file target_32.json (JSON, C-alpha atoms)
[["chain", "number", "residue", "atom", "x", "y", "z"],
["B", 921, "MET", "CA", 11.96, 17.21, -13.94],
["B", 922, "THR", "CA", 10.70, 13.79, -15.02],
["B", 923, "ALA", "CA", 7.75, 12.19, -13.25],
["B", 924, "SER", "CA", 8.74, 10.05, -10.29],
["B", 925, "LYS", "CA", 8.70, 6.31, -10.77],
["B", 926, "THR", "CA", 7.99, 5.76, -7.07],
["B", 927, "GLY", "CA", 4.38, 6.02, -5.98],
["B", 928, "PHE", "CA", 3.27, 7.12, -2.52],
["B", 929, "PHE", "CA", -0.20, 5.81, -1.70],
["B", 930, "THR", "CA", -2.22, 6.95, 1.30],
["B", 931, "HIS", "CA", -5.66, 8.29, 2.24],
["B", 932, "ARG", "CA", -7.02, 10.52, 5.00],
["B", 933, "ASP", "CA", -9.44, 7.72, 6.02],
["B", 934, "CYS", "CA", -6.39, 5.81, 7.30],
["B", 935, "SER", "CA", -5.95, 8.46, 9.99],
["B", 936, "MET", "CA", -9.57, 8.24, 11.16],
["B", 937, "HIS", "CA", -9.17, 4.70, 12.53],
["B", 938, "GLU", "CA", -8.30, 4.83, 16.25],
["B", 939, "MET", "CA", -8.06, 2.16, 18.93],
["B", 940, "GLY", "CA", -8.23, 4.32, 22.04],
["B", 941, "PRO", "CA", -6.02, 6.80, 23.95],
["B", 942, "GLY", "CA", -2.41, 5.71, 24.36],
["B", 943, "HIS", "CA", -2.63, 2.88, 21.82],
["B", 944, "PRO", "CA", 0.74, 2.55, 20.02],
["B", 945, "GLU", "CA", -0.87, 1.99, 16.60],
["B", 946, "CYS", "CA", -2.16, 5.54, 16.29],
["B", 947, "PRO", "CA", -2.89, 8.12, 13.56],
["B", 948, "ALA", "CA", 0.20, 10.14, 14.56],
["B", 949, "ARG", "CA", 2.31, 7.46, 12.86],
["B", 950, "LEU", "CA", 1.17, 8.58, 9.41],
["B", 951, "ASP", "CA", 1.55, 12.27, 10.36],
["B", 952, "ALA", "CA", 5.14, 11.66, 11.45],
["B", 953, "ILE", "CA", 5.96, 9.96, 8.13],
["B", 954, "HIS", "CA", 4.23, 12.67, 6.10],
["B", 955, "ASP", "CA", 6.00, 15.49, 7.98],
["B", 956, "ARG", "CA", 9.42, 13.85, 7.66],
["B", 957, "LEU", "CA", 9.09, 13.28, 3.92],
["B", 958, "LEU", "CA", 7.89, 16.88, 3.51],
["B", 959, "VAL", "CA", 10.70, 18.46, 5.54],
["B", 960, "SER", "CA", 13.39, 16.31, 3.91],
["B", 961, "GLY", "CA", 12.17, 17.20, 0.41],
["B", 962, "VAL", "CA", 11.57, 13.53, -0.44],
["B", 963, "ALA", "CA", 7.80, 14.09, -0.72],
["B", 964, "ASP", "CA", 8.36, 16.44, -3.69],
["B", 965, "LEU", "CA", 10.00, 13.63, -5.64],
["B", 966, "LEU", "CA", 7.24, 11.02, -5.29],
["B", 967, "ASP", "CA", 4.11, 10.36, -7.32],
["B", 968, "HIS", "CA", 1.33, 10.93, -4.76],
["B", 969, "ARG", "CA", -1.81, 8.88, -5.25],
["B", 970, "GLU", "CA", -5.00, 8.48, -3.26],
["B", 971, "ALA", "CA", -5.78, 4.95, -2.12],
["B", 972, "PRO", "CA", -9.15, 3.67, -3.38],
["B", 973, "PRO", "CA", -11.22, 1.27, -1.25],
["B", 974, "ALA", "CA", -10.47, -2.39, -1.95],
["B", 975, "PRO", "CA", -13.27, -4.27, -3.74],
["B", 976, "LEU", "CA", -14.65, -7.00, -1.48],
["B", 977, "ALA", "CA", -14.16, -9.58, -4.26],
["B", 978, "ASP", "CA", -10.42, -8.87, -4.16],
["B", 979, "LEU", "CA", -10.28, -9.16, -0.37],
["B", 980, "GLU", "CA", -11.78, -12.63, -0.82],
["B", 981, "LEU", "CA", -8.63, -13.71, -2.66],
["B", 982, "ALA", "CA", -6.93, -13.80, 0.74],
["B", 983, "HIS", "CA", -9.74, -13.78, 3.30],
["B", 984, "ASP", "CA", -12.71, -15.94, 4.15],
["B", 985, "ARG", "CA", -15.99, -14.32, 3.12],
["B", 986, "MET", "CA", -17.32, -14.70, 6.66],
["B", 987, "HIS", "CA", -14.37, -12.76, 8.09],
["B", 988, "ILE", "CA", -15.07, -9.85, 5.75],
["B", 989, "ALA", "CA", -18.81, -9.95, 6.48],
["B", 990, "ALA", "CA", -18.20, -10.12, 10.25],
["B", 991, "LEU", "CA", -16.00, -7.00, 10.21],
["B", 992, "ARG", "CA", -18.51, -5.14, 8.09],
["B", 993, "GLY", "CA", -21.36, -6.18, 10.39],
["B", 994, "LEU", "CA", -19.38, -5.16, 13.46],
["B", 995, "SER", "CA", -18.73, -1.77, 11.87],
["B", 996, "ASP", "CA", -22.44, -1.22, 11.10],
["B", 997, "TRP", "CA", -23.39, -2.27, 14.64],
["B", 998, "LEU", "CA", -20.79, 0.06, 16.16],
["B", 999, "ILE", "CA", -22.06, 3.06, 14.17],
["B", 1000, "GLU", "CA", -25.64, 2.37, 15.29],
["B", 1001, "GLU", "CA", -24.56, 1.88, 18.91],
["B", 1002, "GLU", "CA", -22.54, 5.09, 18.96],
["B", 1003, "LEU", "CA", -25.45, 7.09, 17.53],
["B", 1004, "ALA", "CA", -27.56, 5.70, 20.37],
["B", 1005, "GLY", "CA", -24.98, 6.84, 22.95],
["B", 1006, "GLY", "CA", -23.03, 3.59, 23.10],
["B", 1007, "PRO", "CA", -19.24, 3.14, 23.28],
["B", 1008, "PRO", "CA", -17.01, 4.49, 20.48],
["B", 1009, "LEU", "CA", -14.91, 1.29, 20.30],
["B", 1010, "VAL", "CA", -15.53, -2.43, 20.03],
["B", 1011, "GLN", "CA", -12.80, -4.91, 20.95],
["B", 1012, "VAL", "CA", -11.80, -7.49, 18.31],
["B", 1013, "ASP", "CA", -8.98, -9.08, 20.30],
["B", 1014, "THR", "CA", -7.01, -8.12, 23.40],
["B", 1015, "ASP", "CA", -5.01, -5.37, 21.67],
["B", 1016, "THR", "CA", -7.14, -4.65, 18.58],
["B", 1017, "SER", "CA", -10.35, -2.63, 18.43],
["B", 1018, "MET", "CA", -12.53, -0.86, 15.89],
["B", 1019, "ASN", "CA", -14.09, 2.57, 15.81],
["B", 1020, "ARG", "CA", -16.70, 3.82, 13.35],
["B", 1021, "HIS", "CA", -13.99, 4.62, 10.76],
["B", 1022, "THR", "CA", -12.00, 1.37, 10.95],
["B", 1023, "TRP", "CA", -13.90, -0.41, 8.16],
["B", 1024, "LYS", "CA", -13.21, 2.42, 5.70],
["B", 1025, "ALA", "CA", -9.58, 2.70, 6.80],
["B", 1026, "ALA", "CA", -9.02, -1.05, 6.39],
["B", 1027, "LEU", "CA", -10.54, -0.95, 2.90],
["B", 1028, "ARG", "CA", -8.24, 1.97, 1.96],
["B", 1029, "SER", "CA", -5.19, 0.16, 3.37],
["B", 1030, "ALA", "CA", -5.80, -2.93, 1.26],
["B", 1031, "GLY", "CA", -6.93, -0.75, -1.63],
["B", 1032, "ALA", "CA", -3.63, 1.13, -1.59],
["B", 1033, "ALA", "CA", -1.73, -2.13, -2.02],
["B", 1034, "LEU", "CA", -4.03, -3.17, -4.88],
["B", 1035, "ALA", "CA", -3.84, 0.19, -6.67],
["B", 1036, "ALA", "CA", -0.06, 0.21, -6.26],
["B", 1037, "THR", "CA", 0.09, -3.30, -7.72],
["B", 1038, "ASP", "CA", -1.97, -2.20, -10.73],
["B", 1039, "ALA", "CA", 0.18, 0.89, -11.34],
["B", 1040, "VAL", "CA", 3.47, -0.99, -11.01],
["B", 1041, "ILE", "CA", 2.39, -3.87, -13.26],
["B", 1042, "ALA", "CA", 1.07, -1.36, -15.82],
["B", 1043, "GLY", "CA", 4.50, 0.28, -15.86],
["B", 1044, "GLU", "CA", 3.18, 3.66, -14.65],
["B", 1045, "LEU", "CA", 5.43, 3.30, -11.60],
["B", 1046, "GLU", "CA", 8.58, 1.29, -10.99],
["B", 1047, "ASN", "CA", 7.68, 0.75, -7.34],
["B", 1048, "ALA", "CA", 5.47, 2.15, -4.59],
["B", 1049, "PHE", "CA", 5.24, 2.70, -0.84],
["B", 1050, "CYS", "CA", 1.84, 2.51, 0.86],
["B", 1051, "SER", "CA", 1.74, 4.75, 3.93],
["B", 1052, "VAL", "CA", -1.37, 3.20, 5.39],
["B", 1053, "ARG", "CA", -2.96, 1.93, 8.55],
["B", 1054, "PRO", "CA", -4.31, -0.32, 9.92],
["B", 1055, "PRO", "CA", -1.35, -2.59, 9.15],
["B", 1056, "GLY", "CA", -1.96, -6.09, 7.86],
["B", 1057, "HIS", "CA", 0.54, -8.89, 8.37],
["B", 1058, "HIS", "CA", -1.08, -10.45, 11.48],
["B", 1059, "ALA", "CA", -4.53, -10.74, 9.86],
["B", 1060, "THR", "CA", -5.10, -14.39, 8.94],
["B", 1061, "ARG", "CA", -7.53, -15.77, 6.39],
["B", 1062, "THR", "CA", -10.27, -15.89, 9.03],
["B", 1063, "LYS", "CA", -9.48, -13.37, 11.78],
["B", 1064, "ALA", "CA", -8.29, -9.90, 12.72],
["B", 1065, "MET", "CA", -5.54, -9.70, 15.34],
["B", 1066, "GLY", "CA", -2.42, -7.80, 16.36],
["B", 1067, "PHE", "CA", -3.69, -4.37, 15.19],
["B", 1068, "CYS", "CA", -4.52, -5.87, 11.75],
["B", 1069, "PHE", "CA", -7.89, -6.41, 10.00],
["B", 1070, "PHE", "CA", -7.13, -7.26, 6.36],
["B", 1071, "ASN", "CA", -3.74, -8.54, 5.24],
["B", 1072, "ASN", "CA", -2.77, -5.80, 2.79],
["B", 1073, "VAL", "CA", 0.35, -7.50, 1.43],
["B", 1074, "ALA", "CA", -1.20, -10.97, 1.15],
["B", 1075, "VAL", "CA", -4.27, -9.54, -0.60],
["B", 1076, "ALA", "CA", -2.00, -7.74, -3.10],
["B", 1077, "ALA", "CA", 0.21, -10.79, -3.64],
["B", 1078, "LYS", "CA", -2.82, -13.01, -4.35],
["B", 1079, "TYR", "CA", -4.24, -10.27, -6.59],
["B", 1080, "ALA", "CA", -1.03, -10.12, -8.65],
["B", 1081, "LEU", "CA", -1.22, -13.90, -9.13],
["B", 1082, "GLN", "CA", -4.96, -14.22, -9.76],
["B", 1083, "ARG", "CA", -5.93, -11.00, -11.53],
["B", 1084, "HIS", "CA", -2.66, -10.20, -13.33],
["B", 1085, "ASN", "CA", -1.63, -13.82, -13.93],
["B", 1086, "LEU", "CA", 1.89, -13.46, -12.57],
["B", 1087, "LYS", "CA", 3.54, -16.83, -12.03],
["B", 1088, "ARG", "CA", 5.81, -16.05, -9.06],
["B", 1089, "VAL", "CA", 5.64, -13.35, -6.37],
["B", 1090, "ALA", "CA", 7.79, -12.91, -3.28],
["B", 1091, "VAL", "CA", 6.92, -11.34, 0.08],
["B", 1092, "VAL", "CA", 9.72, -9.90, 2.20],
["B", 1093, "ASP", "CA", 8.80, -9.18, 5.85],
["B", 1094, "PHE", "CA", 11.24, -7.37, 8.14],
["B", 1095, "ASP", "CA", 8.90, -6.42, 10.99],
["B", 1096, "VAL", "CA", 10.01, -7.22, 14.56],
["B", 1097, "HIS", "CA", 6.96, -9.54, 14.80],
["B", 1098, "HIS", "CA", 6.38, -12.64, 12.70],
["B", 1099, "GLY", "CA", 3.89, -12.10, 9.87],
["B", 1100, "ASN", "CA", 1.74, -15.03, 10.95],
["B", 1101, "GLY", "CA", -1.25, -13.88, 8.92],
["B", 1102, "THR", "CA", 0.73, -13.66, 5.69],
["B", 1103, "GLU", "CA", 2.14, -17.12, 6.34],
["B", 1104, "ASP", "CA", -1.36, -18.46, 7.06],
["B", 1105, "ILE", "CA", -2.63, -17.12, 3.71],
["B", 1106, "LEU", "CA", 0.37, -17.96, 1.49],
["B", 1107, "ALA", "CA", 1.72, -21.19, 3.02],
["B", 1108, "GLY", "CA", 1.70, -24.01, 0.49],
["B", 1109, "ASP", "CA", 1.09, -21.76, -2.53],
["B", 1110, "GLU", "CA", 4.03, -22.62, -4.78],
["B", 1111, "ARG", "CA", 3.55, -19.39, -6.73],
["B", 1112, "ALA", "CA", 4.56, -17.39, -3.63],
["B", 1113, "LEU", "CA", 7.76, -17.27, -1.59],
["B", 1114, "MET", "CA", 7.86, -15.52, 1.79],
["B", 1115, "VAL", "CA", 11.14, -14.61, 3.48],
["B", 1116, "SER", "CA", 11.04, -13.04, 6.91],
["B", 1117, "ILE", "CA", 13.03, -12.15, 9.97],
["B", 1118, "PHE", "CA", 11.53, -11.54, 13.40],
["B", 1119, "GLN", "CA", 12.34, -11.53, 17.10],
["B", 1120, "HIS", "CA", 11.64, -14.86, 18.83],
["B", 1121, "PRO", "CA", 10.24, -15.80, 21.27],
["B", 1122, "PHE", "CA", 7.90, -12.83, 20.90],
["B", 1123, "TYR", "CA", 4.34, -12.02, 19.82],
["B", 1124, "PRO", "CA", 2.61, -13.77, 18.03],
["B", 1125, "TYR", "CA", 4.75, -16.75, 19.18],
["B", 1126, "SER", "CA", 4.76, -18.41, 15.77],
["B", 1127, "GLY", "CA", 6.95, -18.95, 12.73],
["B", 1128, "ASP", "CA", 9.40, -21.44, 14.22],
["B", 1129, "GLN", "CA", 7.33, -24.63, 13.82],
["B", 1130, "ASN", "CA", 7.86, -26.59, 10.59],
["B", 1131, "PRO", "CA", 6.90, -23.91, 8.06],
["B", 1132, "ALA", "CA", 5.72, -24.87, 4.57],
["B", 1133, "PRO", "CA", 8.43, -25.23, 1.89],
["B", 1134, "ASN", "CA", 7.61, -21.80, 0.43],
["B", 1135, "MET", "CA", 8.32, -20.07, 3.77],
["B", 1136, "LEU", "CA", 11.80, -18.97, 4.86],
["B", 1137, "ASN", "CA", 11.34, -17.82, 8.45],
["B", 1138, "VAL", "CA", 14.41, -16.66, 10.36],
["B", 1139, "PRO", "CA", 13.65, -16.21, 14.07],
["B", 1140, "VAL", "CA", 16.34, -14.20, 15.88],
["B", 1141, "PRO", "CA", 16.85, -13.56, 19.60],
["B", 1142, "ALA", "CA", 16.32, -10.22, 21.33],
["B", 1143, "TYR", "CA", 19.20, -7.73, 20.96],
["B", 1144, "THR", "CA", 20.26, -9.07, 17.55],
["B", 1145, "LYS", "CA", 22.25, -6.30, 15.86],
["B", 1146, "GLY", "CA", 21.92, -4.88, 12.37],
["B", 1147, "MET", "CA", 25.12, -6.49, 11.05],
["B", 1148, "ASP", "CA", 23.81, -9.93, 12.06],
["B", 1149, "VAL", "CA", 20.53, -9.23, 10.28],
["B", 1150, "ARG", "CA", 22.49, -8.17, 7.18],
["B", 1151, "ASP", "CA", 24.39, -11.48, 7.27],
["B", 1152, "ILE", "CA", 21.08, -13.39, 7.42],
["B", 1153, "VAL", "CA", 19.71, -11.40, 4.47],
["B", 1154, "GLU", "CA", 22.87, -12.02, 2.44],
["B", 1155, "MET", "CA", 23.31, -15.69, 3.27],
["B", 1156, "MET", "CA", 19.69, -16.89, 3.52],
["B", 1157, "TRP", "CA", 17.18, -14.52, 1.93],
["B", 1158, "ILE", "CA", 19.07, -13.53, -1.22],
["B", 1159, "PRO", "CA", 19.89, -17.08, -2.42],
["B", 1160, "ARG", "CA", 16.26, -18.15, -1.96],
["B", 1161, "LEU", "CA", 14.95, -15.07, -3.77],
["B", 1162, "GLU", "CA", 17.44, -15.52, -6.61],
["B", 1163, "ALA", "CA", 16.51, -19.19, -7.03],
["B", 1164, "PHE", "CA", 12.80, -18.31, -7.02],
["B", 1165, "LYS", "CA", 13.13, -15.46, -9.57],
["B", 1166, "PRO", "CA", 10.02, -13.50, -8.48],
["B", 1167, "GLU", "CA", 8.18, -11.48, -11.09],
["B", 1168, "MET", "CA", 7.20, -8.98, -8.38],
["B", 1169, "ILE", "CA", 8.20, -8.33, -4.77],
["B", 1170, "PHE", "CA", 5.93, -7.21, -1.94],
["B", 1171, "ILE", "CA", 7.41, -5.82, 1.27],
["B", 1172, "SER", "CA", 5.85, -5.91, 4.72],
["B", 1173, "ALA", "CA", 7.85, -2.93, 5.93],
["B", 1174, "GLY", "CA", 7.82, -2.94, 9.71],
["B", 1175, "PHE", "CA", 10.21, -0.48, 11.36],
["B", 1176, "ASP", "CA", 9.67, -1.65, 14.95],
["B", 1177, "ALA", "CA", 12.94, -3.65, 14.82],
["B", 1178, "HIS", "CA", 14.67, -0.24, 15.19],
["B", 1179, "ARG", "CA", 16.87, -0.06, 18.27],
["B", 1180, "ASP", "CA", 14.94, 2.98, 19.56],
["B", 1181, "ASP", "CA", 11.51, 1.35, 19.21],
["B", 1182, "ASP", "CA", 10.46, -0.07, 22.57],
["B", 1183, "MET", "CA", 7.81, -2.35, 21.05],
["B", 1184, "GLY", "CA", 10.59, -4.91, 20.44],
["B", 1185, "GLN", "CA", 14.20, -5.58, 21.37],
["B", 1186, "LEU", "CA", 16.07, -5.75, 18.06],
["B", 1187, "SER", "CA", 18.83, -3.28, 17.22],
["B", 1188, "LEU", "CA", 18.41, -2.11, 13.62],
["B", 1189, "ASN", "CA", 18.93, 1.50, 12.55],
["B", 1190, "GLU", "CA", 18.19, 3.63, 9.50],
["B", 1191, "GLN", "CA", 21.37, 2.50, 7.73],
["B", 1192, "ASP", "CA", 20.27, -1.13, 8.09],
["B", 1193, "TYR", "CA", 16.90, -0.36, 6.52],
["B", 1194, "THR", "CA", 18.70, 1.43, 3.67],
["B", 1195, "TRP", "CA", 20.93, -1.59, 3.11],
["B", 1196, "ILE", "CA", 18.10, -4.16, 3.29],
["B", 1197, "THR", "CA", 16.02, -2.12, 0.84],
["B", 1198, "MET", "CA", 18.99, -1.87, -1.54],
["B", 1199, "ARG", "CA", 19.42, -5.66, -1.50],
["B", 1200, "ILE", "CA", 15.71, -6.23, -2.15],
["B", 1201, "LYS", "CA", 15.78, -3.65, -4.93],
["B", 1202, "ASP", "CA", 18.78, -5.35, -6.52],
["B", 1203, "VAL", "CA", 16.85, -8.64, -6.68],
["B", 1204, "ALA", "CA", 13.82, -6.80, -8.09],
["B", 1205, "ARG", "CA", 15.92, -5.16, -10.80],
["B", 1206, "ARG", "CA", 17.43, -8.47, -11.87],
["B", 1207, "PHE", "CA", 14.32, -10.65, -11.83],
["B", 1208, "SER", "CA", 11.17, -8.52, -11.42],
["B", 1209, "GLY", "CA", 11.62, -5.59, -13.77],
["B", 1210, "GLY", "CA", 12.16, -3.48, -10.64],
["B", 1211, "ARG", "CA", 8.57, -4.11, -9.51],
["B", 1212, "ILE", "CA", 8.14, -3.59, -5.76],
["B", 1213, "VAL", "CA", 5.12, -2.68, -3.64],
["B", 1214, "SER", "CA", 5.96, -1.91, -0.01],
["B", 1215, "CYS", "CA", 3.33, -1.54, 2.72],
["B", 1216, "LEU", "CA", 3.80, -0.04, 6.16],
["B", 1217, "GLU", "CA", 3.47, -2.50, 9.04],
["B", 1218, "GLY", "CA", 4.96, -1.72, 12.48],
["B", 1219, "GLY", "CA", 6.99, 1.17, 13.89],
["B", 1220, "TYR", "CA", 5.64, 2.90, 16.98],
["B", 1221, "VAL", "CA", 8.13, 5.56, 18.10],
["B", 1222, "MET", "CA", 7.60, 8.53, 15.84],
["B", 1223, "GLY", "CA", 11.18, 9.75, 15.25],
["B", 1224, "PRO", "CA", 12.76, 6.40, 14.39],
["B", 1225, "LEU", "CA", 9.69, 5.40, 12.36],
["B", 1226, "ALA", "CA", 9.74, 8.56, 10.24],
["B", 1227, "ARG", "CA", 13.52, 8.43, 9.68],
["B", 1228, "SER", "CA", 13.41, 4.74, 8.78],
["B", 1229, "VAL", "CA", 10.58, 5.21, 6.28],
["B", 1230, "GLU", "CA", 12.52, 8.09, 4.73],
["B", 1231, "ALA", "CA", 15.58, 5.84, 4.40],
["B", 1232, "HIS", "CA", 13.47, 3.07, 2.84],
["B", 1233, "VAL", "CA", 11.67, 5.38, 0.40],
["B", 1234, "ARG", "CA", 14.90, 7.11, -0.64],
["B", 1235, "VAL", "CA", 16.24, 3.79, -1.88],
["B", 1236, "LEU", "CA", 13.00, 2.94, -3.67],
["B", 1237, "ALA", "CA", 13.09, 6.33, -5.42],
["B", 1238, "ASP", "CA", 16.87, 6.26, -6.17],
["B", 1239, "LEU", "CA", 17.43, 9.44, -4.16]]

call {"tool": "encode", "arguments": {"input": "target_32.json", "output": "structure tokens"}}
result
Amino acid sequence: MTASKTGFFTHRDCSMHEMGPGHPECPARLDAIHDRLLVSGVADLLDHREAPPAPLADLELAHDRMHIAALRGLSDWLIEEELAGGPPLVQVDTDTSMNRHTWKAALRSAGAALAATDAVIAGELENAFCSVRPPGHHATRTKAMGFCFFNNVAVAAKYALQRHNLKRVAVVDFDVHHGNGTEDILAGDERALMVSIFQHPFYPYSGDQNPAPNMLNVPVPAYTKGMDVRDIVEMMWIPRLEAFKPEMIFISAGFDAHRDDDMGQLSLNEQDYTWITMRIKDVARRFSGGRIVSCLEGGYVMGPLARSVEAHVRVLADL
């Protein structure tokens, strides 16, 4: 059997980050994905790699130095407080909090995207999926929000441009929520194109106001069905991606647009994720040497999440 050309990046630190009992963005998400890929046999056909921590200098490609320092300081303070009998969590925004392991988990999440980028550009892998948390696409240049601390995909996209000297990279975001952080970081950078679809009006209530020319945001109403999303991909995303000719594609892979995920009200299913991934992969094959790095974003009901990731990874790995 030949070595797999699809990498699977994760790290146990990503499961140590918790935001409190009952929080939808929980460690069980990664367990559900891992178990599904194991049971289905897909795991055996992937190149498993451990995510290293992201170097702070690389995080600074997408984030303000003060943002990084503030999170690190908050983490140090929290560890000291907890040792002294203080609370195990500190709130960063209304729905986002840190525990003593969050800093390490966030570094591994971004580090997975960076290591995957290195391996794909080096030709060791054709593509990769990063099964990591915390997710990233709501984290802006200067703040953590919406369960996100560092913007994994935006960090990796900037890294591909700055460190590997690529001329054009594309970000594809199919989460139920608008990737406001990715837009904040990449807007106006002519070397990057971002195409996205998201439920609107819905958290974070952005993405519909005069985006920069390198942003193709497609807000859709609640209860939009998979076939309508496919039409949007075919008629709007694909022509823009083809005209841009990206040298590499990054995916913010959110599976909370699934019809059985109660975080949102869109109506996609596993077959839709298969189809969308196939269309992205076709563009990557024609323009990007097949180079794709996909990072987990949303998806909060374990069964649909695990099945959708399996569908997505099967396409990446040509299974």

call {"tool": "closest_residue", "arguments": {"input": "target_32.json", "among": "B:Ile1117, B:Met939, B:Ala1033, B:Ile1105", "to": "B:Gly1174", "atoms": "all atoms listed in the file"}}
result
B:Ile1117

call {"tool": "residues_near_point", "arguments": {"input": "target_32.json", "point": "(11.1, -21.1, 16.0)", "cutoff": "10 Å", "atoms": "only C-alpha atoms", "output": "ChimeraX atom specification"}}
result
/B:1118-1121,1125-1131,1137-1140

call {"tool": "closest_residue", "arguments": {"input": "target_32.json", "among": "B:His1098, B:Arg956, B:Arg1061, B:Arg1020", "to": "B:Asp1176", "atoms": "only C-alpha atoms"}}
result
B:His1098

call {"tool": "closest_residue", "arguments": {"input": "target_32.json", "among": "B:Leu1136, B:Leu991, B:Ile1041, B:Ala1237", "to": "B:Val1010", "atoms": "only C-alpha atoms"}}
result
B:Leu991

call {"tool": "closest_residue", "arguments": {"input": "target_32.json", "among": "B:Leu1027, B:Ala1132, B:Thr1062, B:Tyr1193", "to": "B:Glu1230", "atoms": "only C-alpha atoms"}}
result
B:Tyr1193

call {"tool": "closest_residue", "arguments": {"input": "target_32.json", "among": "B:Ser960, B:Ser924, B:Asn1189, B:Thr1037", "to": "B:Ala1080", "atoms": "all atoms listed in the file"}}
result
B:Thr1037

call {"tool": "residues_around", "arguments": {"input": "target_32.json", "residues": "B:Asp1238", "least_positions_apart": "5", "cutoff": "12 Å", "atoms": "all atoms listed in the file", "output": "list in words"}}
result
Ser924, Lys925, Thr926, Val962, Leu965, Leu966, Glu1046, Asn1047, Thr1194, Thr1197, Met1198, Lys1201, Asp1202, Gly1210, Glu1230, Ala1231, His1232 and Val1233 of chain B

call {"tool": "atom_distance", "arguments": {"input": "target_32.json", "atom1": "atom CA of B:Gly1031", "atom2": "atom CA of B:Val1052"}}
result
9.8 Å

call {"tool": "closest_residue", "arguments": {"input": "target_32.json", "among": "B:Val1040, B:Leu981, B:Val1221, B:Val1096", "to": "B:Asp1181", "atoms": "all atoms listed in the file"}}
result
B:Val1221

call {"tool": "residues_around", "arguments": {"input": "target_32.json", "residues": "B:Leu1225", "least_positions_apart": "5", "cutoff": "12 Å", "atoms": "all atoms listed in the file", "output": "ChimeraX atom specification"}}
result
/B:945,948-957,1051,1095,1173-1183,1188-1190,1193,1216-1220,1230-1232

call {"tool": "residues_around", "arguments": {"input": "target_32.json", "residues": "B:Ala1035", "least_positions_apart": "5", "cutoff": "10 Å", "atoms": "only C-alpha atoms", "output": "ChimeraX atom specification"}}
result
/B:929,969-974,1028,1030,1040-1041,1048,1050,1076,1213

call {"tool": "atom_distance", "arguments": {"input": "target_32.json", "atom1": "atom CA of B:Val1092", "atom2": "atom CA of B:Phe1070"}}
result
17.6 Å

call {"tool": "build_atoms", "arguments": {"input": "target_32.json", "residues": "stretch 958-968 of chain B", "atoms": "N, CA, C and O atoms", "output": "CSV table (one decimal), in the coordinates of the input"}}
result
chain,number,residue,atom,x,y,z
B,958,LEU,N,8.1,15.5,4.0
B,958,LEU,CA,7.9,16.9,3.5
B,958,LEU,C,9.1,17.7,3.8
B,958,LEU,O,9.7,18.4,2.9
B,959,VAL,N,9.6,17.7,5.1
B,959,VAL,CA,10.7,18.5,5.5
B,959,VAL,C,12.0,18.1,4.8
B,959,VAL,O,12.8,18.9,4.5
B,960,SER,N,12.2,16.8,4.5
B,960,SER,CA,13.4,16.3,3.9
B,960,SER,C,13.4,16.6,2.4
B,960,SER,O,14.4,16.4,1.8
B,961,GLY,N,12.2,17.0,1.9
B,961,GLY,CA,12.2,17.2,0.4
B,961,GLY,C,11.9,15.9,-0.4
B,961,GLY,O,11.7,16.0,-1.6
B,962,VAL,N,11.8,14.8,0.3
B,962,VAL,CA,11.6,13.5,-0.4
B,962,VAL,C,10.2,13.5,-1.0
B,962,VAL,O,9.9,13.0,-2.1
B,963,ALA,N,9.2,14.1,-0.3
B,963,ALA,CA,7.8,14.1,-0.7
B,963,ALA,C,7.6,14.7,-2.1
B,963,ALA,O,6.8,14.3,-2.9
B,964,ASP,N,8.5,15.8,-2.4
B,964,ASP,CA,8.4,16.4,-3.7
B,964,ASP,C,8.7,15.5,-4.9
B,964,ASP,O,8.4,15.9,-6.0
B,965,LEU,N,9.4,14.5,-4.6
B,965,LEU,CA,10.0,13.6,-5.6
B,965,LEU,C,9.2,12.3,-5.8
B,965,LEU,O,9.7,11.4,-6.5
B,966,LEU,N,8.1,12.2,-5.2
B,966,LEU,CA,7.2,11.0,-5.3
B,966,LEU,C,6.0,11.3,-6.1
B,966,LEU,O,5.5,12.5,-6.2
B,967,ASP,N,5.4,10.3,-6.6
B,967,ASP,CA,4.1,10.4,-7.3
B,967,ASP,C,3.0,10.0,-6.3
B,967,ASP,O,2.8,8.9,-6.0
B,968,HIS,N,2.3,11.1,-5.8
B,968,HIS,CA,1.3,10.9,-4.8
B,968,HIS,C,0.0,10.5,-5.3
B,968,HIS,O,-0.5,11.1,-6.3
